[in-house]
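Please read the structure below before turning to the comments.
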Amino acid sequence: MPELPEVETTRRGIEPYVVGQKIREIVIRRHDLRQPVSPTLVTAEGQRVTAIDRRSKYLIFTLDDASSLLVHLGMSGSLRLDNPHEPFKKHDHIALTFANGKQLRFHDPRRFGIFLHLPAGDPMEHSLLQSLGPEPLSEDFNAKALAAACSKRTSAIKLVIMDAKVVVGVGNIYASEALFRAGILPQTPANKISKARLARLVEVIRAVLTDSIEAGGTTLRDFLHSDGKPGYFAQRLNVYNRQGKPCRKCGTAICHEVLGQRATYWCPKCQR
DNA sequence: CGAACCTCCTGCGGGC
DNA sequence: TGCCCGCAGGAGGTTC
């Protein structure tokens with residue numbers, strides 16, 4: 001599932017082939033994503049992409065006419081550069097063909113993704129973006145901010161760090177991984193954790209996301225590296241999906257429980 | 001306001 | 001081997 005590192009990996013992977021390119025043709029094969037694909041999307045034909053930015057797990061393509069494309073990969077989405085002559089695969093829903101002959105395809109089996117064309121203006125004012133919390137890798141996410149968010153929350157710390165109003169981009173995998181690195185039990189009520197431990201949590205959230213971005217994300221097989229090497233962060237996961245397996249640090253069996261309707265993993269010895 | 005739960009969808013793994 | 005069932009999960013929505 002694409003989390004922030006996979007979205008950033010995607011952004012970096014497509015940027016060199018897409019920025020500066022004019023969109024020659026847009027094909028929409030399905031409109032019924034999580035939100036309907038913007039009917040105006042086809043009017044972006046002829047526009048040049050001037051930038052691709054990321055905010056949370058959204059990708060924002062800025063176009064010549066100041067309109068923009070807002071893309072979310074949902075649970076199962078991916079963006080790949082293909083040869084336009086390749087036949088479409090099942091679940092290839094949208095294709096943008098560029099002047100350089102590359103074709104960007106939005107592929108999303110579960111259709112939890114989003115593909116919108118926003119009119120000219122600041123995309124950050126769109127309702128999906130305007131109430132998002134700080135980026136985890138920015139200065140705005142810090143011990144003070146996390147402590148403030150936790151002080152009035154009795155719910156489990158894992159749910160709090162997955163709350164996009166507190167910090168964006170920490171999905172289910174990295175929430176468990178960060179709490180392992182911080183030595184904090186996922187079930188701990190947020191308001192019971194000392195500021196020092198929350199400061200540590202901020203640092204490990206940054207570290208786990210950075211490490212995963214450097215490893216090329218957890219799920220992405222990259223179009224950029226022609227060797228096809230997955231570059232998997234999955235091999236470095238300490239607890240996620242490792243129920244019953246020995247902790248890489250102490251050997252204790254990793255525990256699993258559904259918390260807030262999400263699979264949660266931890267080491268009962270390393271985390272208190 | 002927070003907290004708990006629901007919903008969208010398809011692929012896949014487990015059970016038989 | 002094949003079929004059925006239920007689960008996974010981002011994030012907005014609903015209800016209390």
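Each chain of the structure tokens is named A, B, ... in the order shown, its residues numbered from 1; ligands are numbered from 1 in display order.
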Give me, as an MDAnalysis selection string, the residues of region 23-260 of chain A that a backbone DSSP run labels strand (DSSP E). chainID A and resid 23:28 49:55 58:63 68:72 78:82 92:98 103:107 114:118 255:259
Quick one: which residues from chain A are at most 7 Å off chain B, using only C-alpha atoms (C1' of nucleotides), as number ranges by chain? A: 34, 109-112
One decimal, in Å: what's the spacing between CA of Val7 (chain A) and CA of Arg200 (chain A)?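 Distance reported for this atom pair: 24.9 Å.
Relative to CA of Gly74 (chain A), CA of Ala182 (chain A) is found at 27.4 Å.
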Show me, as JSON lines, the residues of chain C having an atom within 10 Å of chain A, each with the closest atom pair and its distance in Å, using only C-alpha atoms (C1' of nucleotides).
```
{"residue": "C:DA8", "atom": "C1'", "partner": "A:Arg262", "partner_atom": "CA", "distance": 8.7}
{"residue": "C:DG9", "atom": "C1'", "partner": "A:Met75", "partner_atom": "CA", "distance": 6.3}
{"residue": "C:DG10", "atom": "C1'", "partner": "A:Gly74", "partner_atom": "CA", "distance": 5.8}
{"residue": "C:DA11", "atom": "C1'", "partner": "A:Ala164", "partner_atom": "CA", "distance": 8.8}
{"residue": "C:DG12", "atom": "C1'", "partner": "A:Leu128", "partner_atom": "CA", "distance": 9.3}
```
DSSP on the backbone, then: every residue of region 66-223 of chain A marked helix (DSSP H, G or I), written as a PyMOL selection string. chain A and resi 123-125+127-130+143-151+157-161+172-182+190-192+195-214
Write out, as a PDB file, in the first residue's frame, the residues just selected, with C-alpha atoms.
```
ATOM      1  CA  PRO A 123      -4.514  23.822  -4.980  1.00  0.00           C
ATOM      2  CA  MET A 124      -3.769  24.048  -1.243  1.00  0.00           C
ATOM      3  CA  GLU A 125      -7.158  25.711  -0.843  1.00  0.00           C
ATOM      4  CA  SER A 127     -10.917  20.972   0.759  1.00  0.00           C
ATOM      5  CA  LEU A 128      -8.823  17.786   0.641  1.00  0.00           C
ATOM      6  CA  LEU A 129      -5.643  19.741   1.381  1.00  0.00           C
ATOM      7  CA  GLN A 130      -6.550  22.736   3.464  1.00  0.00           C
ATOM      8  CA  ALA A 143       8.011  17.669  20.064  1.00  0.00           C
ATOM      9  CA  LYS A 144       6.053  20.706  21.138  1.00  0.00           C
ATOM     10  CA  ALA A 145       3.382  20.219  18.480  1.00  0.00           C
ATOM     11  CA  LEU A 146       3.050  16.490  19.175  1.00  0.00           C
ATOM     12  CA  ALA A 147       2.880  17.073  22.933  1.00  0.00           C
ATOM     13  CA  ALA A 148       0.127  19.642  22.420  1.00  0.00           C
ATOM     14  CA  ALA A 149      -1.854  17.197  20.293  1.00  0.00           C
ATOM     15  CA  CYS A 150      -1.384  14.389  22.820  1.00  0.00           C
ATOM     16  CA  SER A 151      -2.190  16.377  25.946  1.00  0.00           C
ATOM     17  CA  ILE A 157      -0.762   6.867  20.685  1.00  0.00           C
ATOM     18  CA  LYS A 158      -0.802   4.851  17.457  1.00  0.00           C
ATOM     19  CA  LEU A 159      -4.157   6.360  16.496  1.00  0.00           C
ATOM     20  CA  VAL A 160      -2.911   9.852  17.301  1.00  0.00           C
ATOM     21  CA  ILE A 161       0.169   9.664  15.073  1.00  0.00           C
ATOM     22  CA  ASN A 172      -0.421   1.896   9.366  1.00  0.00           C
ATOM     23  CA  ILE A 173       2.928   0.293   8.547  1.00  0.00           C
ATOM     24  CA  TYR A 174       5.114   3.167   9.640  1.00  0.00           C
ATOM     25  CA  ALA A 175       3.063   3.871  12.760  1.00  0.00           C
ATOM     26  CA  SER A 176       3.909   0.404  14.116  1.00  0.00           C
ATOM     27  CA  GLU A 177       7.526   0.708  12.966  1.00  0.00           C
ATOM     28  CA  ALA A 178       8.035   4.121  14.543  1.00  0.00           C
ATOM     29  CA  LEU A 179       6.570   3.008  17.874  1.00  0.00           C
ATOM     30  CA  PHE A 180       8.905   0.027  17.882  1.00  0.00           C
ATOM     31  CA  ARG A 181      11.891   2.299  17.338  1.00  0.00           C
ATOM     32  CA  ALA A 182      10.659   4.624  20.071  1.00  0.00           C
ATOM     33  CA  ALA A 190      -1.412   9.557  24.255  1.00  0.00           C
ATOM     34  CA  ASN A 191      -1.795  11.838  27.273  1.00  0.00           C
ATOM     35  CA  LYS A 192       0.200   9.449  29.478  1.00  0.00           C
ATOM     36  CA  LYS A 195       7.347  14.912  26.569  1.00  0.00           C
ATOM     37  CA  ALA A 196      10.806  13.370  26.347  1.00  0.00           C
ATOM     38  CA  ARG A 197       9.394  10.169  24.894  1.00  0.00           C
ATOM     39  CA  LEU A 198       7.238  12.143  22.456  1.00  0.00           C
ATOM     40  CA  ALA A 199      10.350  14.049  21.365  1.00  0.00           C
ATOM     41  CA  ARG A 200      11.977  10.710  20.673  1.00  0.00           C
ATOM     42  CA  LEU A 201       8.870   9.606  18.775  1.00  0.00           C
ATOM     43  CA  VAL A 202       9.089  12.647  16.501  1.00  0.00           C
ATOM     44  CA  GLU A 203      12.680  11.762  15.664  1.00  0.00           C
ATOM     45  CA  VAL A 204      11.965   8.100  14.906  1.00  0.00           C
ATOM     46  CA  ILE A 205       8.943   8.945  12.748  1.00  0.00           C
ATOM     47  CA  ARG A 206      11.249  11.132  10.666  1.00  0.00           C
ATOM     48  CA  ALA A 207      13.918   8.435  10.623  1.00  0.00           C
ATOM     49  CA  VAL A 208      11.658   5.577   9.576  1.00  0.00           C
ATOM     50  CA  LEU A 209      10.127   7.607   6.752  1.00  0.00           C
ATOM     51  CA  THR A 210      13.514   8.852   5.586  1.00  0.00           C
ATOM     52  CA  ASP A 211      14.999   5.363   5.683  1.00  0.00           C
ATOM     53  CA  SER A 212      12.101   4.020   3.655  1.00  0.00           C
ATOM     54  CA  ILE A 213      12.338   6.786   1.060  1.00  0.00           C
ATOM     55  CA  GLU A 214      16.032   6.014   0.700  1.00  0.00           C
TER      56      GLU A 214
END
```
What does the distance between CA of Ala44 (chain A) and CA of Glu86 (chain A) come to in Å, to one decimal place?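 Rounded to one decimal, the two atoms are 22.8 Å apart.
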Pick from A:Glu135, A:Glu25, A:Leu96, A:Lys102, whichever lies nearest to Arg54 (chain A) using only C-alpha atoms: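 Between A:Glu135, A:Glu25, A:Leu96, A:Lys102, the residue approaching Arg54 (chain A) most closely is A:Glu135.
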With only C-alpha atoms (C1' of nucleotides) as the counted atoms, please give the residues lying no more than 9 Å from Glu15 (chain A), apart from itself and same-chain residues fewer than 5 positions off, as a ChimeraX atom specification. /A:10,51-52
Would you write out those residues with C-alpha atoms, as a PDB file, in the first residue's frame?
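Result went into again.pdb, see below:
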```
ATOM      1  CA  THR A  10       6.776   7.834  -7.244  1.00  0.00           C
ATOM      2  CA  ALA A  51       6.057  20.921 -11.438  1.00  0.00           C
ATOM      3  CA  ILE A  52       5.140  17.832  -9.449  1.00  0.00           C
TER       4      ILE A  52
END
```
